[in-house]
$ cat model35.txt   # compact mmCIF, C-alpha atoms
# COMPACT_ATOMS: atom_id res chain seq x y z
CA MET Y 59 92.85 79.89 84.77
CA GLN Y 60 95.54 80.77 82.25
CA THR Y 61 99.13 80.68 83.44
CA GLN Y 62 100.38 84.17 84.19
CA ASN Y 63 102.49 85.64 81.38
CA ALA Y 64 101.89 82.60 79.18
CA PRO Y 65 102.56 83.31 75.48
CA GLU Y 66 99.72 83.56 73.04
CA THR Y 67 99.59 80.04 71.60
CA ALA Y 68 97.07 78.35 69.33
CA GLU Y 69 95.60 76.66 72.40
CA ASN Y 70 95.03 79.62 74.69
CA GLN Y 71 93.86 81.94 71.90
CA GLN Y 72 90.70 79.85 71.58
CA THR Y 73 87.69 80.65 73.70
CA ASP Y 74 86.13 77.89 75.76
CA SER Y 75 83.31 77.76 73.20
CA GLU Y 76 85.72 77.36 70.27
CA LEU Y 77 87.94 74.80 71.96
CA GLY Y 78 84.97 72.90 73.36
CA ARG Y 79 83.33 72.73 69.92
CA HIS Y 80 86.60 71.47 68.40
CA LEU Y 81 86.95 68.72 71.03
CA LEU Y 82 83.31 67.67 70.73
CA THR Y 83 83.58 67.53 66.93
CA ALA Y 84 86.57 65.21 67.08
CA ARG Y 85 84.84 63.13 69.73
CA GLY Y 86 81.75 62.97 67.57
CA PHE Y 87 83.70 61.59 64.63
CA HIS Y 88 85.15 58.84 66.82
CA TRP Y 89 81.63 57.90 67.91
CA ILE Y 90 80.21 58.02 64.37
CA TYR Y 91 82.99 55.90 62.92
CA GLY Y 92 82.79 53.56 65.89
CA THR Y 93 79.12 52.79 65.25
CA SER Y 94 80.18 50.97 62.08
CA GLY Y 95 82.37 48.69 64.19
CA ASP Y 96 85.68 50.21 63.10
CA PRO Y 97 88.10 48.83 65.73
CA TYR Y 98 90.52 51.76 65.55
CA ALA Y 99 87.71 54.31 65.96
CA LEU Y 100 86.41 52.29 68.92
CA THR Y 101 89.93 52.23 70.37
CA LEU Y 102 90.11 56.02 70.15
CA ARG Y 103 86.65 56.33 71.66
CA ALA Y 104 88.16 54.56 74.70
CA GLU Y 105 84.95 53.95 76.56
CA SER Y 106 83.56 50.59 77.70
CA ASP Y 107 84.64 48.49 74.72
CA ASP Y 108 86.90 45.51 75.44
CA PRO Y 109 90.43 46.72 74.58
CA ALA Y 110 91.77 43.17 74.26
CA LEU Y 111 89.10 42.31 71.69
CA LEU Y 112 89.75 45.52 69.74
CA THR Y 113 93.48 44.79 69.80
CA ARG Y 114 92.92 41.39 68.20
CA ARG Y 115 90.56 42.83 65.60
CA ILE Y 116 93.11 45.47 64.63
CA ARG Y 117 95.81 42.84 64.21
CA GLU Y 118 93.60 40.32 62.44
CA ALA Y 119 92.14 42.73 59.87
CA GLY Y 120 92.20 41.39 56.33
CA THR Y 121 95.38 43.19 55.25
CA PRO Y 122 98.57 43.92 57.22
CA LEU Y 123 97.95 47.66 56.80
CA TRP Y 124 94.35 48.78 56.49
CA GLN Y 125 92.58 52.13 56.33
CA SER Y 126 90.26 52.99 59.18
CA ALA Y 127 87.12 55.05 58.65
CA THR Y 128 89.00 57.77 60.58
CA GLY Y 129 91.36 58.10 57.60
CA ALA Y 130 94.35 56.61 59.40
CA TRP Y 131 96.24 53.62 58.03
CA VAL Y 132 96.50 51.13 60.89
CA THR Y 133 98.60 48.04 61.53
CA GLY Y 134 98.83 45.52 64.35
CA ARG Y 135 101.12 43.14 62.46
CA HIS Y 136 104.62 42.95 63.87
CA GLY Y 137 106.49 43.00 60.55
CA VAL Y 138 104.75 46.06 59.14
CA ALA Y 139 104.78 47.79 62.53
CA ALA Y 140 108.55 47.36 62.82
CA GLN Y 141 109.03 48.76 59.32
CA ALA Y 142 106.81 51.76 60.06
CA LEU Y 143 108.55 52.64 63.32
CA ALA Y 144 111.97 52.44 61.65
CA ASP Y 145 111.07 54.34 58.46
CA PRO Y 146 112.52 57.89 58.50
CA ARG Y 147 109.86 58.96 56.00
CA LEU Y 148 107.24 58.55 58.73
CA ALA Y 149 107.51 61.44 61.18
CA LEU Y 150 105.69 62.93 64.15
CA ARG Y 151 104.58 66.01 62.22
CA HIS Y 152 103.27 67.17 58.85
CA ALA Y 153 106.12 68.18 56.57
CA ASP Y 154 103.98 70.88 54.93
CA LEU Y 155 102.83 72.40 58.23
CA PRO Y 156 105.87 74.18 59.72
CA GLY Y 157 103.91 75.81 62.52
CA PRO Y 158 101.75 74.20 65.22
CA GLN Y 159 100.34 70.81 64.28
CA ARG Y 160 96.80 72.08 64.60
CA HIS Y 161 93.78 71.10 62.53
CA VAL Y 162 90.59 73.16 62.60
CA PHE Y 163 87.56 71.19 61.46
CA SER Y 164 86.34 73.75 58.95
CA ASP Y 165 85.83 70.98 56.39
CA ALA Y 166 85.30 68.22 58.92
CA TRP Y 167 83.03 66.00 56.87
CA SER Y 168 85.28 65.89 53.81
CA ASN Y 169 88.64 65.98 55.62
CA PRO Y 170 88.45 65.25 59.36
CA GLN Y 171 92.13 65.22 60.29
CA LEU Y 172 92.24 63.33 63.57
CA CYS Y 173 96.02 62.95 63.87
CA HIS Y 174 96.70 65.99 66.09
CA ILE Y 175 93.60 66.73 68.16
CA ILE Y 176 95.33 69.54 70.01
CA PRO Y 177 98.73 71.06 69.18
CA LEU Y 178 101.40 69.95 71.63
CA ASP Y 179 104.37 71.61 69.98
CA ARG Y 180 104.99 73.57 73.18
CA ALA Y 181 105.53 70.21 74.90
CA PHE Y 182 107.95 69.17 72.10
CA LEU Y 183 105.78 66.15 71.22
CA HIS Y 184 105.69 66.99 67.52
CA ALA Y 185 109.39 67.73 67.01
CA SER Y 186 111.39 66.37 64.08
CA ASP Y 187 113.30 63.11 64.19
CA ALA Y 188 116.52 65.12 63.82
CA ASP Y 189 115.69 67.05 66.98
CA HIS Y 190 114.93 63.87 68.91
CA THR Y 191 118.16 62.25 67.71
CA ARG Y 192 120.16 65.25 68.89
CA TRP Y 193 118.40 65.31 72.26
CA ALA Y 194 118.97 61.59 72.80
CA ARG Y 195 122.66 61.97 71.99
CA SER Y 196 123.13 64.93 74.33
CA ALA Y 197 121.27 63.19 77.19
CA SER Y 198 122.78 59.72 76.77
CA ALA Y 199 125.45 60.17 79.45
CA VAL Y 200 122.66 60.39 82.06
CA LEU Y 201 119.69 58.62 80.49
CA GLY Y 202 121.52 55.99 78.49
CA GLY Y 203 120.60 54.90 74.98
CA ALA Y 204 117.70 52.73 73.88
CA GLY Y 205 117.89 49.73 76.19
CA GLY Y 206 121.20 51.01 77.56
CA ALA Y 207 122.41 51.75 81.04
CA THR Y 208 121.67 54.92 82.96
CA ALA Y 209 124.28 56.76 84.99
CA ASP Y 210 125.36 55.19 88.30
CA GLY Y 211 124.00 58.17 90.24
CA VAL Y 212 120.55 57.65 88.72
CA ARG Y 213 120.60 53.99 89.74
CA GLU Y 214 121.73 54.75 93.31
CA HIS Y 215 119.04 57.40 93.72
CA ALA Y 216 116.40 55.00 92.36
CA GLU Y 217 117.29 52.29 94.85
CA ARG Y 218 117.11 54.70 97.78
CA VAL Y 219 113.81 56.33 96.73
CA HIS Y 220 112.13 52.99 96.03
CA ARG Y 221 113.15 51.62 99.43
CA GLU Y 222 111.93 54.72 101.24
CA THR Y 223 108.65 54.80 99.31
CA ALA Y 224 107.97 51.09 99.88
CA ASP Y 225 108.67 51.46 103.58
CA ARG Y 226 106.10 54.27 103.84
CA THR Y 227 103.30 52.13 102.47
CA GLY Y 228 101.06 50.33 104.93
CA ASP Y 229 99.48 46.90 104.83
CA SER Y 230 97.11 48.20 102.17
CA PHE Y 231 98.01 50.86 99.63
CA ASP Y 232 97.35 52.08 96.12
CA LEU Y 233 100.21 51.21 93.78
CA MET Y 234 99.67 54.20 91.48
CA ALA Y 235 98.96 56.91 94.07
CA ASP Y 236 101.28 55.70 96.82
CA TYR Y 237 104.16 54.19 94.87
CA SER Y 238 104.42 54.31 91.06
CA ARG Y 239 103.65 57.98 90.51
CA PRO Y 240 105.60 59.25 93.54
CA VAL Y 241 108.78 57.36 92.62
CA ALA Y 242 108.51 58.32 88.94
CA THR Y 243 107.96 61.98 89.79
CA GLU Y 244 110.74 62.06 92.37
CA ALA Y 245 113.13 60.35 89.94
CA ALA Y 246 112.33 62.95 87.27
CA ALA Y 247 112.73 65.83 89.72
CA GLN Y 248 116.13 64.46 90.74
CA LEU Y 249 117.19 64.14 87.10
CA LEU Y 250 116.37 67.79 86.50
CA GLY Y 251 117.71 69.08 89.79
CA VAL Y 252 114.36 70.55 90.88
CA PRO Y 253 114.90 72.27 94.25
CA ALA Y 254 113.15 70.73 97.26
CA GLU Y 255 110.86 73.74 97.71
CA GLN Y 256 109.56 73.36 94.14
CA ARG Y 257 109.01 69.59 94.08
CA GLU Y 258 105.39 69.75 95.21
CA ARG Y 259 104.65 72.17 92.36
CA PHE Y 260 106.56 69.90 89.96
CA ALA Y 261 104.54 66.86 91.07
CA ALA Y 262 101.23 68.68 90.58
CA THR Y 263 102.29 69.83 87.14
CA CYS Y 264 103.35 66.31 86.12
CA LEU Y 265 99.96 65.00 87.20
CA ALA Y 266 98.19 67.44 84.86
CA LEU Y 267 100.65 66.60 82.06
CA GLY Y 268 99.84 62.90 82.36
CA VAL Y 269 97.07 63.08 79.72
CA ALA Y 270 99.31 64.61 77.03
CA LEU Y 271 100.05 61.48 74.98
CA ASP Y 272 96.37 60.52 75.04
CA ALA Y 273 95.18 64.05 74.25
CA ALA Y 274 97.06 64.09 70.96
CA LEU Y 275 94.77 61.38 69.54
CA CYS Y 276 91.75 61.33 71.86
CA PRO Y 277 89.90 64.55 72.76
CA GLN Y 278 89.82 65.09 76.52
CA PRO Y 279 87.14 67.06 78.39
CA LEU Y 280 87.48 70.82 78.08
CA ALA Y 281 88.60 71.39 81.68
CA VAL Y 282 91.25 68.65 81.39
CA THR Y 283 92.51 70.10 78.11
CA ARG Y 284 92.77 73.59 79.60
CA ARG Y 285 94.68 72.28 82.58
CA LEU Y 286 97.00 70.35 80.28
CA THR Y 287 97.92 73.37 78.18
CA GLU Y 288 98.43 75.44 81.33
CA ALA Y 289 100.64 72.71 82.78
CA VAL Y 290 102.77 72.74 79.62
CA GLU Y 291 103.46 76.44 80.18
CA ASP Y 292 104.06 75.80 83.89
CA VAL Y 293 106.69 73.15 83.22
CA ARG Y 294 108.32 75.24 80.50
CA ALA Y 295 108.68 78.10 82.97
CA LEU Y 296 110.02 75.84 85.73
CA VAL Y 297 112.51 74.05 83.47
CA GLY Y 298 113.47 77.32 81.78
CA ASP Y 299 114.48 78.79 85.14
CA LEU Y 300 116.51 75.66 85.92
CA VAL Y 301 118.29 75.85 82.57
CA GLU Y 302 119.24 79.48 83.15
CA ALA Y 303 120.61 78.59 86.57
CA ARG Y 304 122.65 75.68 85.15
CA ARG Y 305 124.22 77.89 82.50
CA THR Y 306 126.13 79.74 85.20
CA ARG Y 307 126.23 77.03 87.88
CA PRO Y 308 126.39 73.63 86.16
CA GLY Y 309 125.99 70.42 88.13
CA ASP Y 310 125.82 66.70 87.41
CA ASP Y 311 122.10 66.71 86.52
CA LEU Y 312 120.47 66.01 83.16
CA LEU Y 313 120.04 69.68 82.18
CA SER Y 314 123.72 70.46 82.82
CA THR Y 315 124.70 67.44 80.74
CA VAL Y 316 122.59 68.57 77.78
CA LEU Y 317 123.87 72.14 78.06
CA HIS Y 318 127.47 70.92 78.01
CA ALA Y 319 126.83 68.80 74.90
CA GLY Y 320 125.43 71.68 72.81
CA SER Y 321 127.30 73.33 69.95
CA SER Y 322 126.24 76.85 70.96
CA ALA Y 323 124.79 78.52 74.02
CA ALA Y 324 121.45 79.30 72.37
CA SER Y 325 120.92 75.87 70.81
CA SER Y 326 122.06 73.99 73.92
CA ALA Y 327 119.67 75.99 76.10
CA GLN Y 328 116.75 75.14 73.80
CA ASP Y 329 117.79 71.48 73.76
CA ALA Y 330 117.98 71.41 77.55
CA LEU Y 331 114.52 72.98 77.76
CA ALA Y 332 113.14 70.34 75.40
CA VAL Y 333 114.70 67.42 77.26
CA GLY Y 334 113.52 68.81 80.59
CA VAL Y 335 109.95 69.33 79.42
CA LEU Y 336 109.83 65.86 77.83
CA THR Y 337 111.06 64.37 81.11
CA ALA Y 338 107.94 65.71 82.81
CA VAL Y 339 105.52 65.12 79.93
CA VAL Y 340 106.68 61.68 78.80
CA GLY Y 341 109.25 60.28 81.23
CA VAL Y 342 107.07 60.38 84.34
CA GLU Y 343 103.95 58.85 82.80
CA VAL Y 344 105.78 56.13 80.85
CA THR Y 345 107.77 55.15 83.94
CA ALA Y 346 104.73 55.01 86.23
CA GLY Y 347 102.81 53.08 83.59
CA LEU Y 348 105.57 50.51 83.15
CA ILE Y 349 105.79 49.95 86.91
CA ASN Y 350 102.00 49.46 87.11
CA ASN Y 351 101.83 47.13 84.13
CA THR Y 352 104.76 45.01 85.27
CA LEU Y 353 103.35 44.56 88.77
CA GLU Y 354 99.86 43.85 87.44
CA SER Y 355 101.23 41.15 85.13
CA LEU Y 356 103.30 39.54 87.89
CA LEU Y 357 100.71 39.66 90.66
CA ALA Y 358 98.16 38.01 88.38
CA ARG Y 359 100.60 35.06 88.25
CA PRO Y 360 101.59 34.21 91.85
CA VAL Y 361 104.03 31.50 90.77
CA GLN Y 362 106.05 34.00 88.76
CA TRP Y 363 105.91 36.53 91.62
CA ALA Y 364 107.26 33.81 93.93
CA ARG Y 365 110.09 33.02 91.51
CA LEU Y 366 111.33 36.60 91.80
CA GLY Y 367 111.92 36.00 95.49
CA GLU Y 368 114.15 33.05 94.64
CA ASN Y 369 115.98 34.90 91.87
CA PRO Y 370 115.79 38.74 91.93
CA GLU Y 371 117.82 38.84 88.71
CA LEU Y 372 114.62 37.87 86.91
CA ALA Y 373 113.38 41.45 87.43
CA ALA Y 374 114.95 42.70 84.20
CA GLY Y 375 113.30 39.91 82.22
CA ALA Y 376 109.98 40.61 83.93
CA VAL Y 377 110.10 44.26 82.84
CA GLU Y 378 111.07 43.36 79.28
CA GLU Y 379 108.24 40.84 79.09
CA ALA Y 380 105.83 43.44 80.50
CA LEU Y 381 106.93 45.86 77.77
CA ARG Y 382 105.84 43.24 75.24
CA PHE Y 383 102.78 41.93 77.05
CA ALA Y 384 101.34 45.23 78.38
CA PRO Y 385 103.13 48.20 76.76
CA PRO Y 386 102.95 51.53 78.60
CA VAL Y 387 102.41 53.27 75.23
CA ARG Y 388 99.98 51.34 73.03
CA LEU Y 389 99.66 53.55 69.95
CA GLU Y 390 102.31 55.29 67.87
CA SER Y 391 101.09 57.80 65.26
CA ARG Y 392 103.18 58.94 62.30
CA ILE Y 393 102.70 61.16 59.24
CA ALA Y 394 104.09 60.27 55.81
CA ALA Y 395 106.54 62.98 54.73
CA GLU Y 396 106.36 61.79 51.12
CA ASP Y 397 104.57 59.25 48.95
CA LEU Y 398 105.61 55.77 50.01
CA THR Y 399 104.65 52.10 49.98
CA LEU Y 400 104.15 50.24 53.24
CA GLY Y 401 102.60 46.85 53.92
CA GLY Y 402 101.61 46.52 50.27
CA GLN Y 403 99.71 49.84 50.31
CA ASP Y 404 100.61 53.02 48.42
CA LEU Y 405 100.32 55.95 50.81
CA PRO Y 406 100.27 59.62 49.81
CA ALA Y 407 102.31 62.28 51.57
CA GLY Y 408 100.45 63.49 54.62
CA ALA Y 409 98.79 60.14 55.32
CA GLN Y 410 98.56 59.12 58.97
CA VAL Y 411 99.99 55.72 59.91
CA VAL Y 412 99.14 54.28 63.33
CA VAL Y 413 101.04 51.37 64.82
CA HIS Y 414 99.13 49.49 67.50
CA VAL Y 415 102.12 48.42 69.54
CA GLY Y 416 100.03 46.27 71.85
CA ALA Y 417 98.68 44.26 68.92
CA ALA Y 418 102.07 43.94 67.21
CA ASN Y 419 103.70 42.77 70.43
CA ARG Y 420 101.27 39.85 70.56
CA ASP Y 421 101.52 38.87 66.91
CA PRO Y 422 101.70 35.04 66.81
CA GLU Y 423 103.83 35.30 63.68
CA ALA Y 424 106.55 36.99 65.76
CA PHE Y 425 106.12 35.51 69.26
CA LEU Y 426 105.51 31.99 70.53
CA ALA Y 427 102.44 31.82 72.80
CA PRO Y 428 102.06 35.63 72.61
CA ASP Y 429 99.19 35.83 75.12
CA HIS Y 430 101.27 34.09 77.79
CA PHE Y 431 103.36 36.22 80.17
CA ASP Y 432 106.66 34.33 80.34
CA LEU Y 433 109.55 35.29 82.61
CA ASP Y 434 111.78 32.93 80.65
CA ARG Y 435 111.02 34.37 77.23
CA PRO Y 436 114.36 34.89 75.43
CA ALA Y 437 115.47 38.51 75.23
CA GLY Y 438 115.86 40.27 71.92
CA GLN Y 439 112.77 38.88 70.21
CA GLY Y 440 111.82 42.27 68.86
CA GLN Y 441 109.11 43.73 71.10
CA LEU Y 442 108.34 47.24 69.82
CA SER Y 443 107.55 49.19 73.00
CA LEU Y 444 109.28 52.52 73.67
CA SER Y 445 110.63 52.74 70.13
CA GLY Y 446 109.10 56.12 69.33
CA PRO Y 447 111.37 59.19 69.23
CA HIS Y 448 110.24 60.66 72.56
CA THR Y 449 109.52 57.38 74.35
CA ALA Y 450 112.89 55.86 73.37
CA LEU Y 451 114.59 58.81 75.08
CA PHE Y 452 113.38 57.43 78.42
CA GLY Y 453 113.60 53.71 77.61
CA ALA Y 454 116.60 52.89 79.82
CA PHE Y 455 115.34 55.20 82.59
CA ALA Y 456 111.87 53.63 82.68
CA ARG Y 457 113.32 50.12 82.63
CA LEU Y 458 115.62 50.95 85.54
CA GLN Y 459 112.77 52.34 87.65
CA ALA Y 460 110.49 49.39 86.88
CA GLU Y 461 113.20 46.82 87.63
CA THR Y 462 113.96 48.58 90.91
CA ALA Y 463 110.25 48.60 91.79
CA VAL Y 464 109.93 44.86 91.15
CA ARG Y 465 112.97 43.98 93.25
CA THR Y 466 112.10 46.39 96.06
CA LEU Y 467 108.45 45.41 96.41
CA ARG Y 468 109.25 41.68 96.16
CA GLU Y 469 111.82 42.08 98.95
CA ARG Y 470 109.82 44.36 101.24
CA ARG Y 471 106.31 43.16 100.42
CA PRO Y 472 106.74 39.46 99.56
CA VAL Y 473 103.05 38.79 100.17
CA LEU Y 474 101.33 41.26 97.89
CA VAL Y 475 97.95 40.68 96.26
CA PRO Y 476 95.36 42.83 94.49
CA ASP Y 477 92.71 44.28 96.79
CA GLY Y 478 90.18 45.11 94.08
CA ALA Y 479 90.06 45.77 90.37
CA VAL Y 480 92.56 47.98 88.58
CA LEU Y 481 90.71 51.14 87.52
CA ARG Y 482 91.92 52.78 84.32
CA ARG Y 483 91.28 56.31 83.11
CA MET Y 484 88.62 56.84 80.48
CA ARG Y 485 89.74 58.37 77.18
CA SER Y 486 93.18 56.81 77.50
CA PRO Y 487 93.67 54.76 74.32
CA VAL Y 488 97.40 55.49 74.12
CA LEU Y 489 98.47 54.87 77.71
CA GLY Y 490 95.66 52.81 79.20
CA ALA Y 491 96.51 54.92 82.24
CA VAL Y 492 95.89 53.53 85.72
CA LEU Y 493 93.84 55.62 88.13
CA ARG Y 494 93.61 53.15 91.00
CA PHE Y 495 95.50 49.92 91.74
CA PRO Y 496 94.67 48.74 95.28
CA LEU Y 497 97.05 46.21 96.87
CA THR Y 498 97.23 44.51 100.23
CA THR Y 499 99.82 42.48 102.10
CA SER Y 500 97.13 40.29 103.65
CA ALA Y 501 97.49 36.69 102.58

$ encode --input "model35.txt" --output "structure tokens"
Amino acid sequence: MQTQNAPETAENQQTDSELGRHLLTARGFHWIYGTSGDPYALTLRAESDDPALLTRRIREAGTPLWQSATGAWVTGRHGVAAQALADPRLALRHADLPGPQRHVFSDAWSNPQLCHIIPLDRAFLHASDADHTRWARSASAVLGGAGGATADGVREHAERVHRETADRTGDSFDLMADYSRPVATEAAAQLLGVPAEQRERFAATCLALGVALDAALCPQPLAVTRRLTEAVEDVRALVGDLVEARRTRPGDDLLSTVLHAGSSAASSAQDALAVGVLTAVVGVEVTAGLINNTLESLLARPVQWARLGENPELAAGAVEEALRFAPPVRLESRIAAEDLTLGGQDLPAGAQVVVHVGAANRDPEAFLAPDHFDLDRPAGQGQLSLSGPHTALFGAFARLQAETAVRTLRERRPVLVPDGAVLRRMRSPVLGAVLRFPLTTSA
């Protein structure tokens, strides 16, 4: 069902037949290219293939930057990955495509552009680097900078919500459903100042938005895609109403902060809308994913989990090591704005470059014993997680929530063990999103 009064966008103008054919075509190319053993195509296919094996194959390909059968230039080497993520000539969008980043497979066999499966401009996921830089600057007083500190009020709220959420869990609970997603969603709602009577709607919308980062590179089922595009319009409407309210009645929330930082009323309102939408689209899922991945890494190593009880200050190091060891965002896709040379390869303007963050973060040329989760690993060794324009915006926020989760659960649930396998969502090559993570306090 299309959101009432939603604008006519590229997504909702398509019939189910047209959109379904587009998604199946993209999916078909991933399968065709995967049959040749292409590890990036198999990664995008995101079915039953071993992701750890594919990660190693991507990193250990013959050249630091290699071209996949999908057309993308891929790297899992730390040095080239760091260069790519820092290069301003590699952007989130096509420089010659000012409108929606939408590719119709009219010439699919000769030019199957698989870099933007569905257009997510309405979710601000394909904005320019200049836009992201401005949004990060205007939000920094609340969210903090990359790796920086969040506002005291955000920290105090996090500690309270994590305690209350942990205390509501029983002897057995699901980490994702009962803890990670609720605290991430509540933290985001508090940031935006979502009224209590609208928080259930906000939580449901965030749940539907959770596939957005995956959907950009991996075609989702038709029903999931429809719900995603509807949820984008839902969250735009909700945040838009909040922005209008803050323009006349500002508070100490994130939207008021961004509005105050703007150079004009119109531009500041658009910036506040963008930051608010990205909080729901990116902030919630990255935060929940980081909590899940950190706990999974720790609980698989009982000695390290026990050490946290002796020294809670290790929580920050545990989260930083989890960012390296099990990043919440595994793939970063960029488009060359001009001809350039990277990793010894000459790339034309418009070429897609994909950084496999998970592979680069385990590059033995950059990290000692990279496949070992080490609480004592020295900080500042250059892990590349959350260094994309929209993920970096929530880097300090996600770290804070994950650190608080580790400390809270270690204090309130000192005996905590997996109660079954972690179940991850299919078609989730970017996030490796958790669906089910059963835990128990039974020894």

$ closest_residue --input "model35.txt" --among "Y:Arg114, Y:Arg79, Y:His184, Y:His88" --to "Ser126 of chain Y" --atoms "all atoms listed in the file"
Y:His88

$ atom_distance --input "model35.txt" --atom1 "atom CA of Ala181 of chain Y" --atom2 "atom CA of Glu288 of chain Y"
10.9 Å

$ closest_residue --input "model35.txt" --among "Y:Pro436, Y:Gly92, Y:Pro240, Y:Gly320" --to "Ala261 of chain Y" --atoms "all atoms listed in the file"
Y:Pro240

$ closest_residue --input "model35.txt" --among "Y:Asp225, Y:Gln125, Y:Leu267, Y:Ile90" --to "Leu178 of chain Y" --atoms "only C-alpha atoms"
Y:Leu267

$ atom_distance --input "model35.txt" --atom1 "atom CA of Glu217 of chain Y" --atom2 "atom CA of Glu302 of chain Y"
29.7 Å

$ closest_residue --input "model35.txt" --among "Y:Ala142, Y:Ile349, Y:Val200, Y:Leu300" --to "Glu378 of chain Y" --atoms "all atoms listed in the file"
Y:Ile349

$ closest_residue --input "model35.txt" --among "Y:Asn350, Y:Gln441, Y:Gln171, Y:Thr73" --to "Ala130 of chain Y" --atoms "all atoms listed in the file"
Y:Gln171

$ closest_residue --input "model35.txt" --among "Y:Leu280, Y:Leu250, Y:Leu426, Y:Val340" --to "Leu296 of chain Y" --atoms "only C-alpha atoms"
Y:Leu250

$ atom_distance --input "model35.txt" --atom1 "atom CA of Leu381 of chain Y" --atom2 "atom CA of Asp311 of chain Y"
27.2 Å

$ residues_around --input "model35.txt" --residues "His220 of chain Y" --least-positions-apart "5" --cutoff "9 Å" --atoms "all atoms listed in the file" --output "list in words"
His215, Asp225, Tyr237, Val241, Gln459, Thr462, Ala463, Thr466 and Leu467 of chain Y

$ residues_around --input "model35.txt" --residues "Leu331 of chain Y" --least-positions-apart "5" --cutoff "7 Å" --atoms "all atoms listed in the file" --output "PyMOL selection string"
chain Y and resi 297-298+301

$ write_last_selection --input "model35.txt" --atoms "C-alpha atoms" --output "PDB file, in the coordinates of the input"
ATOM      1  CA  VAL Y 297     112.510  74.050  83.470  1.00  0.00           C
ATOM      2  CA  GLY Y 298     113.470  77.320  81.780  1.00  0.00           C
ATOM      3  CA  VAL Y 301     118.290  75.850  82.570  1.00  0.00           C
TER       4      VAL Y 301
END

$ residues_around --input "model35.txt" --residues "Ser94 of chain Y" --least-positions-apart "5" --cutoff "12 Å" --atoms "all atoms listed in the file" --output "JSON, numbers by chain"
{"Y": [87, 88, 89, 99, 100, 126, 127, 128]}

$ build_atoms --input "model35.txt" --residues "segment 426-430 of chain Y" --atoms "all heavy atoms" --output "PDB file, keeping the file's coordinate frame"
ATOM      1  N   LEU Y 426     106.100  33.255  70.136  1.00  0.00           N
ATOM      2  CA  LEU Y 426     105.510  31.990  70.530  1.00  0.00           C
ATOM      3  C   LEU Y 426     104.617  32.222  71.747  1.00  0.00           C
ATOM      4  O   LEU Y 426     105.016  32.904  72.687  1.00  0.00           O
ATOM      5  CB  LEU Y 426     106.619  30.993  70.881  1.00  0.00           C
ATOM      6  CG  LEU Y 426     106.178  29.574  71.278  1.00  0.00           C
ATOM      7  CD1 LEU Y 426     105.525  28.880  70.092  1.00  0.00           C
ATOM      8  CD2 LEU Y 426     107.378  28.780  71.786  1.00  0.00           C
ATOM      9  N   ALA Y 427     103.411  31.656  71.702  1.00  0.00           N
ATOM     10  CA  ALA Y 427     102.440  31.820  72.800  1.00  0.00           C
ATOM     11  C   ALA Y 427     102.363  33.278  73.230  1.00  0.00           C
ATOM     12  O   ALA Y 427     102.650  33.624  74.374  1.00  0.00           O
ATOM     13  CB  ALA Y 427     102.820  30.931  73.983  1.00  0.00           C
ATOM     14  N   PRO Y 428     101.972  34.186  72.338  1.00  0.00           N
ATOM     15  CA  PRO Y 428     102.060  35.630  72.610  1.00  0.00           C
ATOM     16  C   PRO Y 428     101.173  36.118  73.738  1.00  0.00           C
ATOM     17  O   PRO Y 428     101.461  37.150  74.345  1.00  0.00           O
ATOM     18  CB  PRO Y 428     101.654  36.265  71.282  1.00  0.00           C
ATOM     19  CG  PRO Y 428     100.811  35.230  70.608  1.00  0.00           C
ATOM     20  CD  PRO Y 428     101.407  33.926  70.998  1.00  0.00           C
ATOM     21  N   ASP Y 429     100.091  35.396  74.060  1.00  0.00           N
ATOM     22  CA  ASP Y 429      99.190  35.830  75.120  1.00  0.00           C
ATOM     23  C   ASP Y 429      99.596  35.270  76.488  1.00  0.00           C
ATOM     24  O   ASP Y 429      98.871  35.442  77.471  1.00  0.00           O
ATOM     25  CB  ASP Y 429      97.748  35.421  74.803  1.00  0.00           C
ATOM     26  CG  ASP Y 429      97.198  36.173  73.598  1.00  0.00           C
ATOM     27  OD1 ASP Y 429      97.581  37.346  73.418  1.00  0.00           O
ATOM     28  OD2 ASP Y 429      96.417  35.582  72.831  1.00  0.00           O
ATOM     29  N   HIS Y 430     100.748  34.639  76.542  1.00  0.00           N
ATOM     30  CA  HIS Y 430     101.270  34.090  77.790  1.00  0.00           C
ATOM     31  C   HIS Y 430     102.400  34.971  78.295  1.00  0.00           C
ATOM     32  O   HIS Y 430     103.346  35.263  77.564  1.00  0.00           O
ATOM     33  CB  HIS Y 430     101.776  32.660  77.556  1.00  0.00           C
ATOM     34  CG  HIS Y 430     102.407  32.032  78.759  1.00  0.00           C
ATOM     35  ND1 HIS Y 430     101.732  31.852  79.945  1.00  0.00           N
ATOM     36  CD2 HIS Y 430     103.663  31.546  78.962  1.00  0.00           C
ATOM     37  CE1 HIS Y 430     102.529  31.271  80.824  1.00  0.00           C
ATOM     38  NE2 HIS Y 430     103.713  31.075  80.257  1.00  0.00           N
TER      39      HIS Y 430
END
